[in-house]
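Pasting data.cif here (mmCIF, C-alpha atoms):
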```cif
data_start
#
loop_
_atom_site.label_atom_id
_atom_site.label_comp_id
_atom_site.auth_asym_id
_atom_site.auth_seq_id
_atom_site.Cartn_x
_atom_site.Cartn_y
_atom_site.Cartn_z
CA MET R 1 9.86 4.50 12.26
CA LEU R 2 11.16 6.44 15.25
CA ASP R 3 11.36 10.22 15.41
CA ILE R 4 15.00 11.16 14.69
CA ARG R 5 14.65 14.07 17.11
CA LEU R 6 14.17 11.63 19.99
CA ILE R 7 17.36 9.82 18.99
CA ARG R 8 19.32 13.08 18.76
CA GLU R 9 18.06 14.33 22.13
CA ASN R 10 18.81 11.19 24.18
CA PRO R 11 20.41 8.34 22.24
CA GLN R 12 21.32 6.41 25.37
CA ARG R 13 17.68 6.37 26.50
CA ILE R 14 16.62 5.04 23.09
CA ILE R 15 19.22 2.25 23.32
CA GLU R 16 18.02 1.43 26.84
CA LYS R 17 14.32 1.28 25.93
CA LEU R 18 14.94 -0.81 22.83
CA GLY R 19 16.84 -3.13 25.14
CA TRP R 20 13.53 -3.68 26.96
CA LYS R 21 12.45 -5.37 23.73
CA GLU R 22 15.62 -7.44 23.81
CA TYR R 23 16.95 -5.50 20.81
CA ASP R 24 20.57 -4.39 20.83
CA ALA R 25 20.79 -0.89 19.32
CA SER R 26 24.22 -0.08 20.74
CA GLU R 27 25.77 -0.01 17.27
CA SER R 28 22.87 1.07 15.06
CA VAL R 29 21.86 4.18 17.04
CA PRO R 30 25.39 5.76 17.04
CA ARG R 31 25.68 4.95 13.33
CA ILE R 32 22.30 6.56 12.66
CA LEU R 33 23.49 9.72 14.40
CA GLU R 34 26.69 9.76 12.30
CA LEU R 35 24.69 9.37 9.09
CA ASP R 36 22.15 11.97 10.18
CA ALA R 37 24.92 14.51 10.84
CA ARG R 38 26.65 13.72 7.55
CA ARG R 39 23.35 13.93 5.68
CA ARG R 40 22.70 17.41 7.01
CA GLU R 41 26.28 18.49 6.21
CA ILE R 42 25.95 17.31 2.62
CA ILE R 43 22.58 19.02 2.17
CA GLN R 44 23.90 22.28 3.61
CA LYS R 45 27.03 22.21 1.39
CA LYS R 46 25.00 21.29 -1.69
CA GLU R 47 22.55 24.12 -1.13
CA SER R 48 25.46 26.52 -0.62
CA ASP R 49 27.08 25.39 -3.88
CA LYS R 50 23.81 25.68 -5.78
CA ALA R 51 23.27 29.18 -4.41
CA GLU R 52 26.75 30.13 -5.58
CA GLN R 53 25.99 28.59 -8.98
CA ASN R 54 22.98 30.86 -9.30
CA ARG R 55 24.94 33.94 -8.28
CA VAL R 56 27.86 33.20 -10.62
CA SER R 57 25.64 32.37 -13.58
CA LYS R 58 23.98 35.78 -13.31
CA THR R 59 27.36 37.52 -13.68
CA ILE R 60 28.25 35.89 -16.99
CA PRO R 61 26.05 38.13 -19.23
CA GLN R 62 27.36 41.23 -17.45
CA LEU R 63 31.00 40.15 -17.89
CA LYS R 64 30.44 39.36 -21.56
CA LYS R 65 28.79 42.73 -22.08
CA ALA R 66 31.76 44.44 -20.43
CA GLY R 67 34.15 42.46 -22.67
CA GLU R 68 35.79 40.66 -19.77
CA ASP R 69 37.13 37.11 -19.83
CA VAL R 70 34.44 34.70 -18.62
CA ALA R 71 36.65 31.59 -18.73
CA PRO R 72 37.45 31.67 -14.97
CA VAL R 73 33.76 32.05 -14.18
CA ILE R 74 32.79 29.15 -16.43
CA ALA R 75 35.54 27.07 -14.84
CA ARG R 76 34.11 27.87 -11.42
CA MET R 77 30.64 26.94 -12.66
CA ASN R 78 31.95 23.56 -13.79
CA GLU R 79 33.62 23.02 -10.41
CA LEU R 80 30.37 23.78 -8.63
CA LYS R 81 28.40 21.55 -10.98
CA GLU R 82 30.76 18.65 -10.29
CA ALA R 83 30.64 19.31 -6.55
CA VAL R 84 26.82 19.23 -6.58
CA LYS R 85 26.86 15.95 -8.54
CA LYS R 86 29.29 14.36 -6.08
CA ALA R 87 27.14 15.61 -3.22
CA ASP R 88 24.04 14.05 -4.78
CA ASP R 89 25.82 10.72 -5.23
CA GLU R 90 27.09 10.68 -1.63
CA LEU R 91 23.72 11.83 -0.31
CA THR R 92 22.01 8.93 -2.09
CA GLN R 93 24.34 6.44 -0.42
CA VAL R 94 24.12 8.08 3.02
CA GLU R 95 20.32 8.33 2.91
CA LYS R 96 19.95 4.69 1.85
CA GLU R 97 22.02 3.43 4.79
CA TYR R 98 20.31 5.90 7.12
CA THR R 99 16.81 4.85 5.99
CA ASP R 100 17.62 1.14 6.17
CA LEU R 101 18.88 1.49 9.75
CA MET R 102 15.90 3.64 10.80
CA LEU R 103 13.44 1.15 9.29
CA GLY R 104 15.18 -1.65 11.17
CA LEU R 105 14.66 -0.09 14.62
CA PRO R 106 11.65 -1.46 16.55
CA ASN R 107 9.08 0.83 18.09
CA LEU R 108 9.77 2.15 21.58
CA PRO R 109 7.80 0.31 24.28
CA ASP R 110 5.50 2.41 26.46
CA ASP R 111 7.04 3.49 29.76
CA ASP R 112 4.73 1.30 31.89
CA LEU R 113 5.75 -1.96 30.19
CA VAL R 114 7.93 -4.49 31.96
CA PRO R 115 11.24 -5.18 30.16
CA GLY R 116 11.97 -8.68 28.93
CA GLY R 117 10.17 -11.51 27.18
CA LYS R 118 6.94 -13.46 27.57
CA GLU R 119 7.98 -14.79 30.98
CA ASN R 120 7.21 -11.28 32.26
CA ASN R 121 3.71 -11.04 30.74
CA GLU R 122 1.08 -9.99 33.29
CA PRO R 123 -2.48 -11.39 33.39
CA LEU R 124 -4.77 -8.46 34.16
CA TYR R 125 -8.27 -9.92 34.05
CA TYR R 126 -10.02 -13.27 34.12
CA PHE R 127 -13.57 -13.96 32.94
CA GLY R 128 -15.58 -17.09 33.69
CA GLU R 129 -14.36 -20.45 34.92
CA HIS R 130 -12.61 -23.42 33.36
CA ARG R 131 -15.04 -26.01 32.03
CA VAL R 132 -15.01 -29.02 34.36
CA PHE R 133 -16.01 -32.27 32.67
CA ASP R 134 -17.59 -35.26 34.44
CA PHE R 135 -16.59 -37.44 31.48
CA GLU R 136 -13.48 -37.96 29.33
CA PRO R 137 -13.61 -35.03 26.87
CA LYS R 138 -12.61 -35.34 23.22
CA ASN R 139 -10.20 -32.97 21.49
CA HIS R 140 -11.37 -30.66 18.71
CA VAL R 141 -9.77 -32.72 15.93
CA ASP R 142 -11.77 -35.80 16.88
CA LEU R 143 -14.95 -33.79 17.44
CA CYS R 144 -14.69 -31.93 14.13
CA THR R 145 -13.92 -35.16 12.29
CA MET R 146 -16.74 -37.08 14.00
CA HIS R 147 -19.32 -34.45 13.07
CA GLY R 148 -17.92 -33.84 9.57
CA LEU R 149 -17.19 -30.18 10.35
CA ILE R 150 -13.57 -30.17 9.16
CA ASP R 151 -11.98 -32.40 6.53
CA TYR R 152 -8.31 -32.40 7.52
CA GLU R 153 -7.31 -35.22 5.18
CA ARG R 154 -8.69 -33.64 2.02
CA GLY R 155 -7.57 -30.15 3.02
CA THR R 156 -4.03 -31.54 3.14
CA LYS R 157 -4.59 -33.30 -0.19
CA LEU R 158 -5.60 -30.00 -1.79
CA ALA R 159 -2.87 -27.74 -0.38
CA GLY R 160 -0.42 -29.72 1.77
CA SER R 161 0.25 -29.74 5.49
CA GLY R 162 -0.96 -26.74 7.48
CA PHE R 163 -4.27 -26.48 5.57
CA TRP R 164 -7.77 -27.77 6.27
CA MET R 165 -11.20 -27.65 4.66
CA TYR R 166 -14.54 -26.71 6.24
CA ARG R 167 -17.47 -28.86 5.20
CA GLY R 168 -21.23 -28.60 5.54
CA LEU R 169 -22.21 -27.50 9.02
CA GLY R 170 -18.55 -26.77 9.79
CA ALA R 171 -18.43 -24.21 6.97
CA ARG R 172 -21.71 -22.71 8.16
CA LEU R 173 -20.46 -22.59 11.76
CA GLU R 174 -17.28 -20.78 10.66
CA TRP R 175 -19.40 -18.33 8.66
CA ALA R 176 -21.74 -17.84 11.61
CA VAL R 177 -18.80 -16.90 13.84
CA LEU R 178 -17.58 -14.38 11.25
CA ASN R 179 -21.06 -12.89 10.87
CA TYR R 180 -21.35 -12.51 14.64
CA PHE R 181 -18.11 -10.52 14.65
CA ILE R 182 -19.12 -8.43 11.64
CA ASP R 183 -22.58 -7.57 12.97
CA THR R 184 -21.09 -6.53 16.33
CA HIS R 185 -18.59 -4.16 14.70
CA LEU R 186 -21.25 -2.67 12.44
CA ALA R 187 -23.47 -2.05 15.46
CA ASP R 188 -20.55 -0.22 17.10
CA GLY R 189 -20.28 2.16 14.15
CA TYR R 190 -17.17 0.72 12.52
CA GLU R 191 -16.79 0.97 8.74
CA MET R 192 -16.48 -2.37 6.94
CA ILE R 193 -13.56 -2.71 4.52
CA LEU R 194 -12.90 -5.56 2.07
CA PRO R 195 -9.33 -4.90 0.89
CA PRO R 196 -7.28 -6.63 -1.81
CA HIS R 197 -5.72 -9.87 -0.64
CA MET R 198 -2.54 -9.23 -2.65
CA LEU R 199 -0.57 -6.19 -1.52
CA GLU R 200 2.45 -4.25 -2.70
CA TYR R 201 5.67 -4.17 -0.67
CA GLN R 202 5.02 -0.67 0.69
CA CYS R 203 2.01 -1.97 2.65
CA GLY R 204 4.19 -4.37 4.61
CA LEU R 205 6.82 -1.65 5.07
CA THR R 206 4.28 0.81 6.46
CA ALA R 207 2.83 -1.75 8.87
CA GLY R 208 6.34 -2.53 10.14
CA GLN R 209 6.29 -6.16 8.98
CA PHE R 210 8.84 -5.52 6.22
CA PRO R 211 11.73 -5.71 5.66
CA LYS R 212 12.35 -7.99 8.66
CA PHE R 213 9.53 -10.47 8.01
CA ALA R 214 9.35 -10.24 4.20
CA ASP R 215 10.40 -13.89 3.90
CA GLU R 216 7.55 -15.08 6.12
CA VAL R 217 4.77 -14.18 3.69
CA TYR R 218 3.74 -15.71 0.37
CA LYS R 219 4.95 -13.85 -2.73
CA ILE R 220 3.07 -13.73 -6.02
CA ALA R 221 5.12 -12.83 -9.11
CA ASN R 222 3.34 -11.33 -12.13
CA PRO R 223 4.33 -13.27 -15.26
CA THR R 224 3.78 -10.26 -17.57
CA ASP R 225 5.90 -7.67 -15.74
CA ASP R 226 8.33 -7.30 -12.84
CA ARG R 227 5.74 -6.61 -10.14
CA VAL R 228 5.66 -8.78 -7.01
CA HIS R 229 2.68 -8.88 -4.69
CA TYR R 230 2.44 -10.32 -1.19
CA MET R 231 -0.49 -12.35 0.09
CA LEU R 232 -1.72 -10.41 3.07
CA PRO R 233 -0.65 -11.97 6.39
CA THR R 234 -3.26 -9.89 8.23
CA ALA R 235 -5.70 -7.17 7.20
CA GLU R 236 -3.65 -4.76 9.32
CA ALA R 237 -1.10 -4.66 6.47
CA ALA R 238 -3.79 -3.22 4.18
CA LEU R 239 -5.67 -1.04 6.67
CA ALA R 240 -2.48 0.69 7.87
CA SER R 241 -1.83 1.95 4.33
CA ILE R 242 -5.28 3.22 3.36
CA TYR R 243 -4.26 6.83 4.07
CA ARG R 244 -0.57 6.47 3.22
CA ASP R 245 0.94 9.78 2.00
CA GLU R 246 -2.28 11.64 2.87
CA ILE R 247 -3.15 14.44 5.28
CA LEU R 248 -6.46 14.00 7.10
CA SER R 249 -8.30 16.74 8.93
CA GLU R 250 -8.74 16.50 12.69
CA ALA R 251 -12.50 16.26 12.07
CA ASP R 252 -11.83 12.99 10.20
CA LEU R 253 -10.51 11.35 13.36
CA PRO R 254 -10.96 8.88 14.83
CA ARG R 255 -11.43 6.64 11.82
CA LYS R 256 -12.81 3.28 13.00
CA MET R 257 -12.88 0.35 10.60
CA PHE R 258 -12.75 -3.42 10.42
CA SER R 259 -12.07 -5.95 7.73
CA TYR R 260 -12.74 -9.62 7.11
CA THR R 261 -10.01 -11.43 5.17
CA PRO R 262 -8.38 -14.80 4.96
CA CYS R 263 -4.80 -14.48 6.22
CA PHE R 264 -1.82 -16.24 4.63
CA ARG R 265 1.36 -17.01 6.56
CA ARG R 266 4.44 -19.12 6.08
CA GLU R 267 4.75 -20.42 9.62
CA ALA R 268 8.40 -20.94 10.60
CA GLY R 269 9.53 -23.99 12.54
CA SER R 270 7.73 -27.20 13.40
CA TYR R 271 4.32 -27.61 14.94
CA ARG R 272 4.09 -28.39 18.61
CA ALA R 273 2.46 -31.69 19.53
CA ASP R 274 -0.50 -29.89 21.16
CA GLU R 275 -1.14 -27.64 18.14
CA ARG R 276 -2.88 -30.15 15.93
CA GLY R 277 -5.75 -29.46 13.61
CA MET R 278 -6.49 -25.83 12.86
CA VAL R 279 -4.74 -24.05 15.73
CA ARG R 280 -1.74 -23.09 13.60
CA GLY R 281 -1.84 -23.03 9.81
CA HIS R 282 -0.91 -21.26 6.61
CA GLN R 283 -4.40 -19.87 5.93
CA PHE R 284 -7.06 -18.82 8.41
CA ASN R 285 -9.96 -16.40 8.69
CA LYS R 286 -9.83 -13.24 10.76
CA VAL R 287 -11.78 -10.06 11.36
CA GLU R 288 -9.39 -7.19 12.09
CA MET R 289 -10.26 -3.93 13.87
CA PHE R 290 -8.29 -0.77 13.12
CA GLN R 291 -8.31 2.87 14.22
CA TYR R 292 -6.63 6.09 13.13
CA THR R 293 -6.63 8.63 15.97
CA THR R 294 -5.05 11.81 17.23
CA PRO R 295 -2.23 11.30 19.76
CA GLU R 296 -4.58 12.58 22.48
CA GLY R 297 -7.22 9.98 21.58
CA SER R 298 -4.81 7.08 21.32
CA ASP R 299 -5.10 5.63 24.84
CA ALA R 300 -8.91 5.73 24.85
CA ALA R 301 -8.95 4.00 21.46
CA PHE R 302 -6.74 1.24 22.84
CA GLU R 303 -9.08 0.61 25.77
CA GLU R 304 -12.05 0.57 23.40
CA LEU R 305 -10.46 -2.08 21.19
CA VAL R 306 -9.51 -4.23 24.19
CA HIS R 307 -13.07 -4.11 25.53
CA LYS R 308 -14.52 -4.90 22.10
CA ALA R 309 -12.34 -8.01 21.78
CA GLU R 310 -13.21 -9.10 25.32
CA ASN R 311 -16.94 -8.64 24.71
CA LEU R 312 -16.81 -10.78 21.57
CA VAL R 313 -15.30 -13.64 23.58
CA LYS R 314 -17.77 -13.09 26.42
CA GLY R 315 -20.62 -13.33 23.92
CA LEU R 316 -19.45 -16.80 22.94
CA GLY R 317 -19.47 -17.83 26.60
CA PHE R 318 -15.75 -18.62 26.82
CA HIS R 319 -13.55 -18.46 29.87
CA PHE R 320 -10.63 -16.16 28.99
CA ARG R 321 -7.96 -13.90 30.39
CA THR R 322 -6.53 -10.55 29.27
CA VAL R 323 -2.74 -10.37 29.39
CA LYS R 324 -0.50 -7.29 29.27
CA LEU R 325 2.57 -8.24 27.24
CA ALA R 326 6.07 -7.46 28.41
CA ALA R 327 8.07 -5.20 26.10
CA GLY R 328 10.01 -8.05 24.54
CA ASP R 329 6.86 -10.00 23.67
CA CYS R 330 5.29 -7.07 21.80
CA SER R 331 5.86 -7.13 18.05
CA ALA R 332 8.56 -4.88 16.62
CA SER R 333 6.12 -2.20 15.41
CA MET R 334 4.00 -1.94 18.58
CA ALA R 335 4.41 0.24 21.67
CA ARG R 336 2.01 -1.88 23.76
CA THR R 337 -0.10 -5.01 23.33
CA TYR R 338 -2.78 -6.83 25.32
CA ASP R 339 -3.61 -10.41 24.35
CA ILE R 340 -7.02 -12.01 24.86
CA GLU R 341 -6.40 -15.69 25.56
CA ILE R 342 -9.00 -18.46 25.69
CA ASN R 343 -8.79 -21.94 27.13
CA ILE R 344 -8.75 -24.92 24.78
CA PRO R 345 -9.11 -27.87 27.20
CA SER R 346 -7.06 -30.40 25.20
CA MET R 347 -4.11 -28.01 25.10
CA ASN R 348 -3.87 -27.57 28.85
CA GLY R 349 -3.42 -23.82 28.67
CA TYR R 350 -4.39 -20.55 27.06
CA LYS R 351 -4.20 -19.62 23.39
CA GLU R 352 -4.31 -16.07 22.04
CA VAL R 353 -7.35 -15.20 19.91
CA SER R 354 -6.83 -11.44 19.82
CA SER R 355 -3.86 -9.12 20.10
CA VAL R 356 -4.80 -5.48 20.60
CA SER R 357 -1.90 -3.14 19.93
CA ASN R 358 -1.02 0.55 19.78
CA ALA R 359 1.69 1.54 17.31
CA ARG R 360 1.59 5.21 18.40
CA ASP R 361 3.05 7.19 15.44
CA TYR R 362 5.48 4.43 14.35
CA GLN R 363 3.44 3.18 11.37
CA ALA R 364 2.30 6.69 10.48
CA ARG R 365 5.91 7.85 10.13
CA ARG R 366 6.73 4.88 7.91
CA GLY R 367 3.68 5.60 5.75
CA ASN R 368 3.72 9.42 6.02
CA ILE R 369 0.15 9.49 7.37
CA ARG R 370 -0.68 12.84 8.96
CA TYR R 371 -3.54 15.09 10.02
CA ARG R 372 -4.06 18.84 10.32
CA ARG R 373 -4.97 20.14 13.77
CA ALA R 374 -8.10 22.27 13.87
CA SER R 375 -6.73 24.70 16.49
CA ASP R 376 -3.58 25.91 14.75
CA GLY R 377 -3.38 24.18 11.36
CA LYS R 378 -0.24 22.31 12.41
CA VAL R 379 0.35 19.02 10.63
CA ASP R 380 1.24 16.05 12.85
CA TYR R 381 1.37 12.26 12.57
CA VAL R 382 -1.70 10.18 13.42
CA HIS R 383 -1.63 7.24 15.80
CA THR R 384 -2.65 3.79 14.53
CA LEU R 385 -4.08 0.88 16.51
CA ASN R 386 -5.23 -2.60 15.58
CA GLY R 387 -6.83 -5.60 17.21
CA SER R 388 -8.10 -9.00 16.14
CA GLY R 389 -11.83 -9.04 16.38
CA LEU R 390 -11.41 -12.05 16.17
CA ALA R 391 -9.35 -14.81 14.51
CA THR R 392 -11.38 -17.99 14.08
CA SER R 393 -8.71 -20.70 13.89
CA ARG R 394 -8.66 -21.01 17.69
CA ILE R 395 -12.26 -19.94 18.31
CA LEU R 396 -13.72 -23.00 16.60
CA PRO R 397 -11.52 -25.53 18.48
CA ALA R 398 -12.42 -23.85 21.78
CA LEU R 399 -16.10 -23.77 20.83
CA VAL R 400 -16.39 -27.47 20.09
CA GLU R 401 -14.24 -28.55 23.05
CA GLN R 402 -15.78 -26.30 25.71
CA ASN R 403 -19.34 -26.93 24.54
CA GLN R 404 -19.13 -30.72 24.05
CA GLN R 405 -21.52 -33.00 25.91
CA LYS R 406 -21.04 -36.52 27.22
CA ASP R 407 -22.70 -38.05 24.16
CA GLY R 408 -20.36 -36.11 21.83
CA SER R 409 -22.92 -33.49 20.81
CA ILE R 410 -21.95 -29.81 20.82
CA VAL R 411 -24.02 -26.92 22.18
CA VAL R 412 -24.16 -23.99 19.76
CA PRO R 413 -23.56 -20.63 21.52
CA GLU R 414 -26.75 -18.62 21.62
CA VAL R 415 -25.27 -15.65 19.71
CA LEU R 416 -24.60 -17.91 16.71
CA ARG R 417 -27.97 -19.65 16.47
CA LYS R 418 -29.69 -17.01 14.35
CA TYR R 419 -27.05 -17.55 11.66
CA LEU R 420 -27.68 -21.31 11.68
CA GLY R 421 -31.44 -21.34 11.31
CA GLY R 422 -32.00 -21.59 15.07
CA LEU R 423 -29.80 -24.68 15.47
CA GLU R 424 -29.09 -25.27 19.17
CA MET R 425 -27.14 -28.53 19.14
CA ILE R 426 -24.75 -30.27 16.75
CA LYS R 427 -25.47 -33.99 17.06
#
```

Please express the file's structure as structure tokens.
Amino acid sequence: MLDIRLIRENPQRIIEKLGWKEYDASESVPRILELDARRREIIQKKESDKAEQNRVSKTIPQLKKAGEDVAPVIARMNELKEAVKKADDELTQVEKEYTDLMLGLPNLPDDDLVPGGKENNEPLYYFGEHRVFDFEPKNHVDLCTMHGLIDYERGTKLAGSGFWMYRGLGARLEWAVLNYFIDTHLADGYEMILPPHMLEYQCGLTAGQFPKFADEVYKIANPTDDRVHYMLPTAEAALASIYRDEILSEADLPRKMFSYTPCFRREAGSYRADERGMVRGHQFNKVEMFQYTTPEGSDAAFEELVHKAENLVKGLGFHFRTVKLAAGDCSASMARTYDIEINIPSMNGYKEVSSVSNARDYQARRGNIRYRRASDGKVDYVHTLNGSGLATSRILPALVEQNQQKDGSIVVPEVLRKYLGGLEMIK
């Protein structure tokens, strides 16, 4: 959620910057200002009426004692009571519309971002070289099927299209990748979190995914009461709410954590022809990094998360690039995002395996997550950042395709061998 003071001070600038994200706020921002002004008017009038109520009520015993008629005073008390009730009713309506509009505004993009969509994304860094084959390479679906790593047919039989099943060495390879990520984060001093996989609505609201994307997640209704849970689309939805409605001390920050979870998503639209297999699906595994920081520590935390994601990909030996997203390609809740993209040869291009993002105080305002400054005791909003570290559904296809040999065998990256009993080659 944006700071209303920024909107009051320069509404036209807010409209302009949200336009960088290709979001038209030309109607919502003026309406927010109208509602904000009316809300303050109602509150001021209600407080004035309540103060008068208190003053008038104190005169009634004195008037009775003096034998004076209290009927006019009681009539005034009833008028004030009715006025306060009407004010409460109107305030409820005004605040609901105001809150709904505020929650619908995206985060402001950082000043150094380029306006527009993904066509304006900027590659910042390349690592390694494209794998050049001296034979006709196989795609990951054929390789995984040939070696019995992934059972696509039976995964679909169990859960429908968009699902797959790891088998034998494929399951162990997936687990090895996850353990490599986990061990790296632990070595870097990050706290490991295993959150619930079913979350309440407020988690999605705090993360900025709801209400806009509430229909893109799986809902679980409780048959014994009226509660509805949401299968987590990413661990960020849980990690962003850990300290919701709490005040941390400055000494608590930064808080660095990561979480392994399966992620569940209702992918909209049809699959592209080059996104076969496990590149896009309804359930996949991911390790998510997350930080709570002071505003002053926010930029350094972002760079740290970017470097951590890059180093994980380097460790696997992949060629990749780091891309700075244009404002319109950043998600609604993020002020800036860098994507780490790897090459999957059969797809003739790059695929994102990590998005590292800084929400600034946007999520903290939605979740009322604050900290107390050590210097003056002032309470301020934290900054929140997240980054995939990493998602596996594109790592495994890249691994088998980039590391395939002419005879169809697959070289196991050195960092994974200790998790596979020293296995060096999948034959």

* Do you know which residues are at most 10 Å from Asp407 in chain R counting all atoms listed in the file, after dropping those on the same chain fewer than 5 positions away, and could you put them as a PyMOL selection string? -> chain R and resi 135+137+427

Using only the atoms of range 129-144 of chain R listed in the file, plus 6 Å on each side, state the axis-aligned box centre and edge lengths in Å rounded to one decimal, as lines of an AutoDock Vina configuration file.
```
center_x = -13.7
center_y = -29.2
center_z = 24.5
size_x = 19.8
size_y = 29.5
size_z = 32.8
```

Around the point (-2.5, 7.7, 6.7), in the coordinates given by the file, pick out the residues reaching within 12 Å, counting only C-alpha atoms, and return them as a CSV table (one decimal) with C-alpha atoms, keeping the file's coordinate frame.
```
chain,number,residue,atom,x,y,z
R,203,CYS,CA,2.0,-2.0,2.6
R,206,THR,CA,4.3,0.8,6.5
R,207,ALA,CA,2.8,-1.8,8.9
R,238,ALA,CA,-3.8,-3.2,4.2
R,239,LEU,CA,-5.7,-1.0,6.7
R,240,ALA,CA,-2.5,0.7,7.9
R,241,SER,CA,-1.8,2.0,4.3
R,242,ILE,CA,-5.3,3.2,3.4
R,243,TYR,CA,-4.3,6.8,4.1
R,244,ARG,CA,-0.6,6.5,3.2
R,245,ASP,CA,0.9,9.8,2.0
R,246,GLU,CA,-2.3,11.6,2.9
R,247,ILE,CA,-3.2,14.4,5.3
R,248,LEU,CA,-6.5,14.0,7.1
R,249,SER,CA,-8.3,16.7,8.9
R,252,ASP,CA,-11.8,13.0,10.2
R,253,LEU,CA,-10.5,11.4,13.4
R,254,PRO,CA,-11.0,8.9,14.8
R,255,ARG,CA,-11.4,6.6,11.8
R,291,GLN,CA,-8.3,2.9,14.2
R,292,TYR,CA,-6.6,6.1,13.1
R,293,THR,CA,-6.6,8.6,16.0
R,294,THR,CA,-5.0,11.8,17.2
R,361,ASP,CA,3.0,7.2,15.4
R,362,TYR,CA,5.5,4.4,14.4
R,363,GLN,CA,3.4,3.2,11.4
R,364,ALA,CA,2.3,6.7,10.5
R,365,ARG,CA,5.9,7.8,10.1
R,366,ARG,CA,6.7,4.9,7.9
R,367,GLY,CA,3.7,5.6,5.8
R,368,ASN,CA,3.7,9.4,6.0
R,369,ILE,CA,0.2,9.5,7.4
R,370,ARG,CA,-0.7,12.8,9.0
R,371,TYR,CA,-3.5,15.1,10.0
R,372,ARG,CA,-4.1,18.8,10.3
R,380,ASP,CA,1.2,16.0,12.8
R,381,TYR,CA,1.4,12.3,12.6
R,382,VAL,CA,-1.7,10.2,13.4
R,383,HIS,CA,-1.6,7.2,15.8
R,384,THR,CA,-2.6,3.8,14.5
```

* Interatomic distance, CA of Ala25 in chain R to CA of Ile43 in chain R (Å, one decimal) -> 26.3 Å

* To do: Would you write out, as number ranges by chain, every residue that the PyMOL selection byres ((chain R and resi 7) around 12) captures in this file?
  => R: 1-6, 8-18, 25, 28-34, 36, 102, 105, 108

Same residues, C-alpha atoms, output as a short mmCIF file (atom, residue, chain, number, x, y, z; two decimals), in the coordinates of the input:
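The file below, again_25.cif, is the result:
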```cif
data_model
loop_
_atom_site.label_atom_id
_atom_site.label_comp_id
_atom_site.auth_asym_id
_atom_site.auth_seq_id
_atom_site.Cartn_x
_atom_site.Cartn_y
_atom_site.Cartn_z
CA MET R 1 9.86 4.50 12.26
CA LEU R 2 11.16 6.44 15.25
CA ASP R 3 11.36 10.22 15.41
CA ILE R 4 15.00 11.16 14.69
CA ARG R 5 14.65 14.07 17.11
CA LEU R 6 14.17 11.63 19.99
CA ARG R 8 19.32 13.08 18.76
CA GLU R 9 18.06 14.33 22.13
CA ASN R 10 18.81 11.19 24.18
CA PRO R 11 20.41 8.34 22.24
CA GLN R 12 21.32 6.41 25.37
CA ARG R 13 17.68 6.37 26.50
CA ILE R 14 16.62 5.04 23.09
CA ILE R 15 19.22 2.25 23.32
CA GLU R 16 18.02 1.43 26.84
CA LYS R 17 14.32 1.28 25.93
CA LEU R 18 14.94 -0.81 22.83
CA ALA R 25 20.79 -0.89 19.32
CA SER R 28 22.87 1.07 15.06
CA VAL R 29 21.86 4.18 17.04
CA PRO R 30 25.39 5.76 17.04
CA ARG R 31 25.68 4.95 13.33
CA ILE R 32 22.30 6.56 12.66
CA LEU R 33 23.49 9.72 14.40
CA GLU R 34 26.69 9.76 12.30
CA ASP R 36 22.15 11.97 10.18
CA MET R 102 15.90 3.64 10.80
CA LEU R 105 14.66 -0.09 14.62
CA LEU R 108 9.77 2.15 21.58
#
```

* Polymer residues at most 6 Å from range 347-357 of chain R, all atoms listed in the file, same-chain spacing of 5 or more positions, as a VMD selection string -> chain R and resid 274 336 to 342 385 to 388 390 to 391

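Excluding His130 in chain R and any residue on its chain fewer than 3 positions from it, the residues at most 12 Å away by all atoms listed in the file are Tyr126, Phe127, Phe133, Gly317, Phe318, His319, Phe320, Arg321, Ile342, Asn343, Ile344, Pro345, Asn348, Gly349, Tyr350, Ala398, Glu401, Gln402 and Asn403 of chain R.
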
* Residue members of the PyMOL selection byres ((chain R and resi 184) around 12) in the file shown, as a list in words -> Val177, Leu178, Asn179, Tyr180, Phe181, Ile182, Asp183, His185, Leu186, Ala187, Asp188, Gly189, Tyr190, Glu191, Met192, Phe258, Val287, Met289, Lys308, Ala309, Asn311, Leu312, Val313, Gly315, Gly389, Leu390, Val415 and Leu416 of chain R

* Distance CA of Glu47 in chain R-CA of Val379 in chain R, one decimal place? ->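 Rounded to one decimal, the two atoms are 25.6 Å apart.
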
* Residue nearest Val323 in chain R among R:Gln53, R:Trp164, R:Glu310, R:Ser48 (counting only C-alpha atoms) ->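 Under the stated criterion, the closest residue is R:Glu310.
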
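Relative to CA of Gly208 in chain R, CA of Glu41 in chain R is found at 29.2 Å.
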
* **Of the listed residues R:Pro195, R:Gly422, R:Pro262, R:Pro233, that which approaches Tyr218 in chain R most closely, counting only C-alpha atoms** =>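 Once distances to Tyr218 in chain R are computed over only C-alpha atoms, the minimum belongs to R:Pro233.
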
* Evaluate the PyMOL selection byres ((chain R and resi 73) around 10) and record the selected residues as an NGL selection string, following the chain and residue labels used in the document. => :R and (53 or 56-57 or 59-60 or 63 or 69-72 or 74-79)

* Structure fact -> Of R:Ala221, R:Leu143, R:Leu396, R:Cys263, the one nearest to Leu316 in chain R when counting only C-alpha atoms is R:Leu396

* **Contacts of range 110-121 of chain R within 6 Å, all atoms listed in the file, excl. fewer than 6 positions in-chain, as JSON, numbers by chain** => {"R": [20, 324, 325, 326, 327, 328, 329, 335]}

Requested write-out: C-alpha atoms of the selected residues, as a short mmCIF file (atom, residue, chain, number, x, y, z; two decimals), in the coordinates of the input:
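The resulting file, selection-v3.cif, is reproduced below:
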```cif
data_model
loop_
_atom_site.label_atom_id
_atom_site.label_comp_id
_atom_site.auth_asym_id
_atom_site.auth_seq_id
_atom_site.Cartn_x
_atom_site.Cartn_y
_atom_site.Cartn_z
CA TRP R 20 13.53 -3.68 26.96
CA LYS R 324 -0.50 -7.29 29.27
CA LEU R 325 2.57 -8.24 27.24
CA ALA R 326 6.07 -7.46 28.41
CA ALA R 327 8.07 -5.20 26.10
CA GLY R 328 10.01 -8.05 24.54
CA ASP R 329 6.86 -10.00 23.67
CA ALA R 335 4.41 0.24 21.67
#
```
